[in-house]
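Some notes on the structure that comes next.
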Protein chains: 2
Amino acid sequence: MNIAIVGAGGAVGREILSILEGGALPVDNLRLFGSARSAGSKLLFKGKEIEIEQLTHDSDFSGVHYALVSAGGGTSVEYADVITRYGTTMIDNSSAFRMDADVPLVVPEINGDDAMNAPRGIIANPNCTTIQMVVALNPINKLSPVKRVHIATYQAASGAGAQAMDELIQQYSDLANGREAHVEKFAHQLAYNVIPHIDVFTDNDYTKEEMKMYHETKKIMHAPDIAVSATCVRVPVMRAHSEAMWVETEQPLELEDVRKAFEEAPGVVLMDRPADKVYPMPLEIAGKDPVYVGRLRCDISGPGITFWTVSDQLRKGAALNAVQIVQYIEAHKPF
Amino acid sequence: MNIAIVGAGGAVGREILSILEGGALPVDNLRLFGSARSAGSKLLFKGKEIEIEQLTHDSDFSGVHYALVSAGGGTSVEYADVITRYGTTMIDNSSAFRMDADVPLVVPEINGDDAMNAPRGIIANPNCTTIQMVVALNPINKLSPVKRVHIATYQAASGAGAQAMDELIQQYSDLANGREAHVEKFAHQLAYNVIPHIDVFTDNDYTKEEMKMYHETKKIMHAPDIAVSATCVRVPVMRAHSEAMWVETEQPLELEDVRKAFEEAPGVVLMDRPADKVYPMPLEIAGKDPVYVGRLRCDISGPGITFWTVSDQLRKGAALNAVQIVQYIEAHKPF
């Protein structure tokens with residue numbers, strides 16, 4: 001199998017490389033692409049140095065089966081034709097194509113089959129916060145259709161990229177040394193702070209990040225009636241997003257049925273022993289693959305349940321989900 | 001007026017001292033009490049050193065009009081009789097007496113009059129997260145009775161006391177110097193982490209902190225039908241708690257009416273200009289008195305509204321509210 005990673009030098013690109021290094025796909029040939037800035041630098045893959053090629057309008061993707069693209073929406077739009085021209089399937093991590101009717105938006109545990117029909121050769125990877133949420137919603141939705149979700153997020157610096165992660169560490173160092181914290185990648189100082197603002201604001205005063213959770217959920221779950229109201233907040237954590245959720249279903253659910261559904265759901269790990277101080281936390285979940293669920297309990301304010309999820313946004317929230325889309329297609333394609 | 005601060009060396013005690021230093025009450029005589037450990041040390045008040053007295057069963061509070069007590073529930077229970085014996089009114093910051101039928105639980109903006117009838121001489125200060133929430137709920141409740149609240153908190157280290165704040169800074173220093181983070185005051189490492197666990201777990205798998213928000217709200221607002229489901233989370237912030245809230249009322253509300261109600265509500269500052277990146281954040285709100293509200297919008301998942309509040313838990317969430325209770329009583333007592 002011939003694979004290309006576009007945006008190889010970024011946080012998600014590097015994570016894809018590490019997942020492929022672990023043997024997730026039978027890679028025969030790997031090509032790395034990046035901007036003019038990262039082109040020429042070399043990354044190690046299975047003991048071999050691979051040079052990052054500059055992505056241009058003349059880049060030749062012929063022979064590449066899958067291109068895993070994570071270089072921002074602008075790059076995805078500009079180079080989609082270049083990448084797919086010779087039949088390469090583009091798995092795109094940006095938000096550029098997600099809501100296009102002819103681009104499937106896929107979380108393999110939920111709607112893997114949608115990936116089998118990609119007329120433009122583009123399959124979109126959902127937003128990190130959405131992936132984590134729908135993986136947890138899906139087993140509940142099978143017990144009784146989900147109607148309504150309230151969700152507050154605690155999002156790590158990694159969601160803003162590798163440089164943002166460095167900036168957070170730099171801010172603590174600045175402050176410890178009596179300097180003002182350097183702010184560039186975030187809207188405000190993130191060290192010792194939380195920022196209720198991720199991506200740009202939209203007309204209804206929700207952010208685009210919050211509206212992604214609203215729209216993408218309907219599309220992935222094939223459930224136009226699920227309605228999600230989210231408040232997305234950046235917190236000073238390096239990687240792994242946390243989410244506090246309240247979920248209302250058409251029929252009331254027994255907590256034990258939900259617990260069992262989580263235990264059996266693919267991609268979900270129930271981590272819920274409060275008496276032993278066991279619940280998912282980003283520091284422990286960083287670098288792990290599943291969506292962890294804890295703090296499961298009845299909604300004491302009315303019908304519904306409430307729980308807490310943590311998942312590494314660079315793994316399941318981005319790189320891993322992209323690789324799993326390829327795995328799904330390979331496992332299900334006609335001979 | 002003669003005032004005593006019990007727990008003068010703690011985070012809340014020191015904040016009360018600073019508020020009194022600012023002239024919030026006409027203090028003629030100030031006495032400071034503390035544990036055996038802090039007794040003997042001196043604190044400065046209006047240019048004069050005051051020695052912390054050890055609180056014992058023989059401590060004499062005669063002549064003290066108000067004792068502002070913040071030394072933990074155990075101390076409050078053990079010394080309530082000593083403190084109130086000679087007619088001193090005890091404003092208690094612990095959770096020990098909050099739900100007792102003969103102890104008023106008071107947020108002056110909401111139910112100040114309850115403070116005028118304290119048969120045991122004890123008035124309880126609500127939990128910090130509850131105070132902040134009900135100050136924001138109250139103007140909404142006046143438009144239409146609040147039925148249901150979903151709330152996710154982002155709670156600062158200050159809620160765990162002065163030593164916990166020091167521990168958080170120490171953890172960043174440990175990590176920056178390649179050492180393991182020292183963990184003592186929190187259940188887990190808080191630096192670069194969030195912890196969905198504050199206070200102990202109860203039988204329904206909510207924490208006591210979360211159940212305080214459920215029970216105290218009904219009592220303060222005289223509204224047995226308001227139901228609150230909370231998820232309380234510690235975040236690596238020094239002081240000021242943040243809360244993401246979804247509120248459902250009996251009658252649907254117009255967003256502009258809610259906005260106006262917030263603008264006019266005592267103790268509330270609306271800080272909501274998302275286009276200018278203006279919304280409350282703990283780093284900016286630390287040390288300030290009001291409850292700040294931002295990110296106000298319709299609940300796009302169903303009936304209701306959603307918003308974000310930030311307030312300094314050491315100020316309105318504890319010390320300031322206690323002082324305001326005294327101010328209310330002084331302003332309303334019969335001649």
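By convention in this document, the chains of the structure tokens carry letters A, B, ... by their order, each chain's residues are numbered from 1, and ligands are numbered from 1 in the order they are shown.
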
Distance-based interface of chain B with chain A, 7 Å, counting only C-alpha atoms, as a ChimeraX atom specification: /B:148-149,152,192-195,201,205,227-229,231,236-238,244,274,281-283,297,299-301

Residues of region 13-216 of chain A in helix (DSSP H, G or I), written as a PyMOL selection string: chain A and resi 13-21+73-84+108-116+128-143+157-160+162-176+208-216
